[in-house]
$ cat model31.cif   # mmCIF, C-alpha atoms
data_my_file
loop_
_atom_site.group_PDB
_atom_site.id
_atom_site.type_symbol
_atom_site.label_atom_id
_atom_site.label_comp_id
_atom_site.auth_asym_id
_atom_site.auth_seq_id
_atom_site.Cartn_x
_atom_site.Cartn_y
_atom_site.Cartn_z
ATOM 1 C CA MET A 26 -18.258 67.760 64.461
ATOM 2 C CA SER A 27 -16.348 64.563 64.886
ATOM 3 C CA GLU A 28 -14.334 62.189 62.782
ATOM 4 C CA GLN A 29 -16.222 59.330 61.148
ATOM 5 C CA THR A 30 -14.200 56.498 59.600
ATOM 6 C CA PHE A 31 -15.456 53.703 57.337
ATOM 7 C CA VAL A 32 -14.600 52.074 54.003
ATOM 8 C CA VAL A 33 -16.011 53.298 50.675
ATOM 9 C CA ASN A 34 -15.448 51.263 47.533
ATOM 10 C CA GLY A 35 -12.421 49.565 49.064
ATOM 11 C CA GLU A 36 -10.791 52.714 50.439
ATOM 12 C CA ARG A 37 -10.762 53.669 54.111
ATOM 13 C CA VAL A 38 -12.012 57.230 54.541
ATOM 14 C CA THR A 39 -12.255 59.600 57.477
ATOM 15 C CA VAL A 40 -14.505 62.642 57.365
ATOM 16 C CA ASP A 41 -15.028 65.408 59.887
ATOM 17 C CA VAL A 42 -18.800 65.622 60.149
ATOM 18 C CA SER A 43 -21.542 65.378 62.742
ATOM 19 C CA GLY A 44 -22.664 61.795 63.380
ATOM 20 C CA ASP A 45 -26.284 62.622 62.545
ATOM 21 C CA VAL A 46 -25.521 63.557 58.917
ATOM 22 C CA ARG A 47 -26.920 60.926 56.566
ATOM 23 C CA VAL A 48 -24.441 58.689 54.756
ATOM 24 C CA LEU A 49 -25.835 59.851 51.388
ATOM 25 C CA TRP A 50 -24.717 63.429 52.030
ATOM 26 C CA VAL A 51 -21.306 62.282 53.219
ATOM 27 C CA LEU A 52 -20.870 60.231 50.052
ATOM 28 C CA ARG A 53 -22.104 62.885 47.642
ATOM 29 C CA ASP A 54 -21.102 66.175 49.236
ATOM 30 C CA LEU A 55 -17.942 65.338 51.158
ATOM 31 C CA LEU A 56 -16.474 62.416 49.211
ATOM 32 C CA GLY A 57 -17.691 63.256 45.681
ATOM 33 C CA VAL A 58 -19.275 59.817 45.193
ATOM 34 C CA THR A 59 -22.340 60.743 43.145
ATOM 35 C CA GLY A 60 -23.624 57.341 41.952
ATOM 36 C CA PRO A 61 -26.167 57.064 44.778
ATOM 37 C CA LYS A 62 -28.901 59.523 43.833
ATOM 38 C CA TYR A 63 -30.994 61.704 46.084
ATOM 39 C CA GLY A 64 -34.626 60.975 45.339
ATOM 40 C CA CYS A 65 -36.799 61.264 48.406
ATOM 41 C CA GLY A 66 -34.519 61.357 51.450
ATOM 42 C CA ILE A 67 -36.935 59.200 53.444
ATOM 43 C CA ASN A 68 -36.035 55.654 52.350
ATOM 44 C CA VAL A 69 -38.957 55.268 49.961
ATOM 45 C CA CYS A 70 -37.764 55.648 46.363
ATOM 46 C CA LYS A 71 -34.499 53.693 46.828
ATOM 47 C CA ALA A 72 -32.588 55.777 44.226
ATOM 48 C CA CYS A 73 -29.643 55.852 46.628
ATOM 49 C CA THR A 74 -29.458 52.065 47.161
ATOM 50 C CA SER A 75 -25.899 50.996 47.848
ATOM 51 C CA HIS A 76 -24.369 48.113 49.801
ATOM 52 C CA ILE A 77 -23.112 48.000 53.354
ATOM 53 C CA ASN A 78 -21.089 44.898 54.125
ATOM 54 C CA GLY A 79 -22.540 43.286 51.001
ATOM 55 C CA LYS A 80 -26.221 43.956 51.727
ATOM 56 C CA ALA A 81 -28.492 46.568 50.181
ATOM 57 C CA PHE A 82 -29.086 49.677 52.267
ATOM 58 C CA ASN A 83 -30.319 53.187 51.666
ATOM 59 C CA PRO A 84 -27.762 55.785 52.722
ATOM 60 C CA CYS A 85 -30.392 58.534 52.806
ATOM 61 C CA ALA A 86 -31.794 56.903 55.950
ATOM 62 C CA VAL A 87 -28.611 56.009 57.850
ATOM 63 C CA PRO A 88 -26.709 58.523 59.991
ATOM 64 C CA VAL A 89 -22.974 58.284 59.365
ATOM 65 C CA GLY A 90 -22.415 57.957 63.112
ATOM 66 C CA GLU A 91 -24.020 54.504 62.965
ATOM 67 C CA LEU A 92 -21.193 53.199 60.759
ATOM 68 C CA SER A 93 -18.175 51.545 62.307
ATOM 69 C CA ALA A 94 -14.617 51.818 61.035
ATOM 70 C CA ASP A 95 -14.933 48.292 59.619
ATOM 71 C CA ASP A 96 -18.175 48.891 57.728
ATOM 72 C CA GLU A 97 -17.724 48.648 53.970
ATOM 73 C CA VAL A 98 -19.955 50.815 51.808
ATOM 74 C CA THR A 99 -20.056 49.952 48.115
ATOM 75 C CA THR A 100 -21.691 52.249 45.597
ATOM 76 C CA ILE A 101 -22.243 51.745 41.877
ATOM 77 C CA GLU A 102 -18.751 53.196 41.308
ATOM 78 C CA GLY A 103 -17.183 50.365 43.301
ATOM 79 C CA LEU A 104 -19.309 47.550 41.902
ATOM 80 C CA PRO A 105 -17.057 46.556 38.943
ATOM 81 C CA ALA A 106 -14.132 45.939 41.309
ATOM 82 C CA GLN A 107 -16.226 43.311 43.095
ATOM 83 C CA ALA A 108 -16.563 41.200 39.967
ATOM 84 C CA ALA A 109 -13.805 38.758 39.152
ATOM 85 C CA GLU A 110 -11.691 39.933 36.222
ATOM 86 C CA GLU A 111 -12.900 37.049 34.058
ATOM 87 C CA SER A 112 -16.572 37.798 34.748
ATOM 88 C CA ARG A 113 -16.398 41.436 33.684
ATOM 89 C CA GLY A 114 -17.957 42.128 30.325
ATOM 90 C CA GLN A 115 -16.616 43.921 27.296
ATOM 91 C CA HIS A 116 -17.011 47.292 29.007
ATOM 92 C CA GLY A 117 -15.121 46.184 32.136
ATOM 93 C CA LEU A 118 -18.286 46.432 34.200
ATOM 94 C CA HIS A 119 -19.933 44.165 36.743
ATOM 95 C CA PRO A 120 -22.002 41.400 35.060
ATOM 96 C CA MET A 121 -25.264 43.005 36.248
ATOM 97 C CA GLN A 122 -24.242 46.320 34.690
ATOM 98 C CA GLU A 123 -23.457 44.494 31.449
ATOM 99 C CA ALA A 124 -26.913 42.877 31.525
ATOM 100 C CA TRP A 125 -28.430 46.341 31.989
ATOM 101 C CA LEU A 126 -26.670 47.538 28.835
ATOM 102 C CA GLU A 127 -27.575 44.433 26.832
ATOM 103 C CA ARG A 128 -31.240 44.730 27.830
ATOM 104 C CA ASP A 129 -31.295 48.489 27.112
ATOM 105 C CA VAL A 130 -32.950 49.154 30.458
ATOM 106 C CA VAL A 131 -32.109 52.815 30.902
ATOM 107 C CA GLN A 132 -34.349 55.665 29.828
ATOM 108 C CA CYS A 133 -33.617 58.715 31.986
ATOM 109 C CA GLY A 134 -31.141 56.669 34.064
ATOM 110 C CA TYR A 135 -31.676 58.439 37.371
ATOM 111 C CA CYS A 136 -32.745 55.356 39.314
ATOM 112 C CA GLN A 137 -30.445 52.899 37.594
ATOM 113 C CA PRO A 138 -27.511 52.885 40.051
ATOM 114 C CA GLY A 139 -29.912 52.045 42.876
ATOM 115 C CA GLN A 140 -31.767 49.491 40.751
ATOM 116 C CA ILE A 141 -28.520 47.708 39.845
ATOM 117 C CA MET A 142 -27.251 47.703 43.426
ATOM 118 C CA ALA A 143 -30.585 46.266 44.631
ATOM 119 C CA ALA A 144 -30.437 43.598 41.907
ATOM 120 C CA VAL A 145 -26.897 42.513 42.805
ATOM 121 C CA ALA A 146 -27.797 42.312 46.500
ATOM 122 C CA LEU A 147 -30.872 40.226 45.659
ATOM 123 C CA VAL A 148 -28.920 37.751 43.511
ATOM 124 C CA ARG A 149 -26.272 37.372 46.211
ATOM 125 C CA LYS A 150 -28.944 36.857 48.890
ATOM 126 C CA VAL A 151 -30.811 34.135 47.019
ATOM 127 C CA ARG A 152 -27.552 32.400 46.067
ATOM 128 C CA ASP A 153 -26.543 32.352 49.717
ATOM 129 C CA GLU A 154 -29.903 30.662 50.354
ATOM 130 C CA GLY A 155 -29.110 28.059 47.665
ATOM 131 C CA ARG A 156 -31.783 29.100 45.188
ATOM 132 C CA THR A 157 -32.434 31.292 42.169
ATOM 133 C CA VAL A 158 -34.398 34.518 41.851
ATOM 134 C CA THR A 159 -38.166 33.985 41.740
ATOM 135 C CA GLU A 160 -40.983 36.220 40.559
ATOM 136 C CA ALA A 161 -41.805 36.852 44.225
ATOM 137 C CA ASP A 162 -38.230 38.035 44.791
ATOM 138 C CA LEU A 163 -38.522 40.435 41.863
ATOM 139 C CA ASP A 164 -41.857 41.661 43.198
ATOM 140 C CA GLY A 165 -40.099 42.407 46.491
ATOM 141 C CA ILE A 166 -37.730 44.959 44.956
ATOM 142 C CA ARG A 167 -39.121 48.335 45.973
ATOM 143 C CA ASN A 168 -36.918 50.660 43.907
ATOM 144 C CA ILE A 169 -39.005 53.183 41.994
ATOM 145 C CA CYS A 170 -38.429 53.796 38.269
ATOM 146 C CA ARG A 171 -40.177 56.959 37.159
ATOM 147 C CA CYS A 172 -39.904 55.910 33.507
ATOM 148 C CA GLY A 173 -41.599 52.577 34.169
ATOM 149 C CA THR A 174 -38.972 50.251 32.662
ATOM 150 C CA TYR A 175 -39.873 47.503 35.127
ATOM 151 C CA THR A 176 -40.210 44.785 32.466
ATOM 152 C CA ARG A 177 -36.687 45.438 31.174
ATOM 153 C CA ILE A 178 -35.380 45.726 34.753
ATOM 154 C CA ARG A 179 -36.767 42.274 35.546
ATOM 155 C CA GLU A 180 -35.288 40.849 32.328
ATOM 156 C CA ALA A 181 -31.909 42.392 33.134
ATOM 157 C CA ILE A 182 -31.928 40.956 36.656
ATOM 158 C CA ARG A 183 -32.585 37.486 35.267
ATOM 159 C CA ASP A 184 -29.836 37.974 32.662
ATOM 160 C CA GLY A 185 -27.434 39.403 35.248
ATOM 161 C CA GLU A 186 -28.103 36.487 37.553
ATOM 162 C CA THR A 187 -26.840 34.072 34.890
ATOM 163 C CA ARG A 188 -23.748 36.237 34.295
ATOM 164 C CA MET A 189 -22.850 36.498 37.977
#

$ encode --input "model31.cif" --output "structure tokens"
Amino acid sequence: MSEQTFVVNGERVTVDVSGDVRVLWVLRDLLGVTGPKYGCGINVCKACTSHINGKAFNPCAVPVGELSADDEVTTIEGLPAQAAEESRGQHGLHPMQEAWLERDVVQCGYCQPGQIMAAVALVRKVRDEGRTVTEADLDGIRNICRCGTYTRIREAIRDGETRM
């Protein structure tokens, strides 16, 4: 075992764990951060989608030893803190989370943290490129929803984009 240090939701953490342990297990089992869900463990379902340095990543596929002390991991729990105070909705959530509530996206809810994190990363990416989200961009999101709420997910992403 060795010490692994990185930032989670704005807080620097150090854990004593082998470098080959996946970030998902460090988050969930050692740090108690349970927003990222375990779905497949092989980077297919995307239920664990979180952000690393502002970009979507799947912690089930990344060994913690690949993170540097300066890497910033953001999970659904840390997302509201990234929204400016004035852009948070009535529930104090990130604008994309508010859009999810307004559009009544959730059924079972298992995939929703990963879906929201993927949506936020997508909106940020296309904004950095100087454009808005297209149908092709939405088609490119690979997060699986077992309940099949894809139409409402797409509507919420469009709504969240305007709120961000």

$ closest_residue --input "model31.cif" --among "A:Ile169, A:Arg177, A:Tyr63, A:Cys85" --to "Asp129 of chain A" --atoms "all atoms listed in the file"
A:Arg177

$ residues_near_point --input "model31.cif" --point "(-28.7, 37.2, 45.5)" --cutoff "10 Å" --atoms "all atoms listed in the file" --output "number ranges by chain"
A: 80, 143-158, 162, 186, 189

$ axis_aligned_box --input "model31.cif" --around "segment 68-75 of chain A" --padding-each-side "8 Å" --output "JSON"
{"center_x": -32.4, "center_y": 53.4, "center_z": 48.3, "size_x": 29.1, "size_y": 20.9, "size_z": 24.1}

$ resolve_selection --input "model31.cif" --expression "the PyMOL selection byres ((chain A and resi 119) around 8)" --output "list in words"
Leu104, Pro105, Ala106, Gln107, Ala108, Ser112, Arg113, Gly114, Gly117, Leu118, Pro120, Met121, Gln122 and Glu123 of chain A

$ closest_residue --input "model31.cif" --among "A:Asp45, A:Gly60, A:Asp54, A:Gly173" --to "Val87 of chain A" --atoms "only C-alpha atoms"
A:Asp45

$ resolve_selection --input "model31.cif" --expression "the PyMOL selection byres ((chain A and resi 35) around 10)" --output "list in words"
Phe31, Val32, Val33, Asn34, Glu36, Arg37, Val38, Glu97, Val98, Thr99, Gly103, Ala106 and Gln107 of chain A

$ atom_distance --input "model31.cif" --atom1 "atom CA of Glu28 of chain A" --atom2 "atom CA of Phe82 of chain A"
22.0 Å

$ resolve_selection --input "model31.cif" --expression "the PyMOL selection byres ((chain A and resi 130) around 7)" --output "list in words"
Trp125, Leu126, Arg128, Asp129, Val131, Gln132, Thr174, Arg177 and Ile178 of chain A

$ residues_around --input "model31.cif" --residues "segment 137-140 of chain A" --least-positions-apart "6" --cutoff "8 Å" --atoms "all atoms listed in the file" --output "ChimeraX atom specification"
/A:60-62,71-75,101,131,168,178

$ atom_distance --input "model31.cif" --atom1 "atom CA of Gly185 of chain A" --atom2 "atom CA of Ala109 of chain A"
14.2 Å

$ atom_distance --input "model31.cif" --atom1 "atom CA of Gly44 of chain A" --atom2 "atom CA of Ser93 of chain A"
11.2 Å

$ residues_around --input "model31.cif" --residues "Asp41 of chain A" --least-positions-apart "3" --cutoff "10 Å" --atoms "all atoms listed in the file" --output "short mmCIF file (atom, residue, chain, number, x, y, z; two decimals) with C-alpha atoms, keeping the file's coordinate frame"
data_model
loop_
_atom_site.label_atom_id
_atom_site.label_comp_id
_atom_site.auth_asym_id
_atom_site.auth_seq_id
_atom_site.Cartn_x
_atom_site.Cartn_y
_atom_site.Cartn_z
CA MET A 26 -18.26 67.76 64.46
CA SER A 27 -16.35 64.56 64.89
CA GLU A 28 -14.33 62.19 62.78
CA GLN A 29 -16.22 59.33 61.15
CA THR A 30 -14.20 56.50 59.60
CA GLY A 44 -22.66 61.80 63.38
CA VAL A 51 -21.31 62.28 53.22
CA LEU A 55 -17.94 65.34 51.16
#

$ closest_residue --input "model31.cif" --among "A:Asn78, A:Glu102, A:Pro84, A:Glu91" --to "Gly57 of chain A" --atoms "only C-alpha atoms"
A:Glu102

$ closest_residue --input "model31.cif" --among "A:Gln115, A:Thr159, A:Thr100, A:Thr187" --to "Thr59 of chain A" --atoms "all atoms listed in the file"
A:Thr100
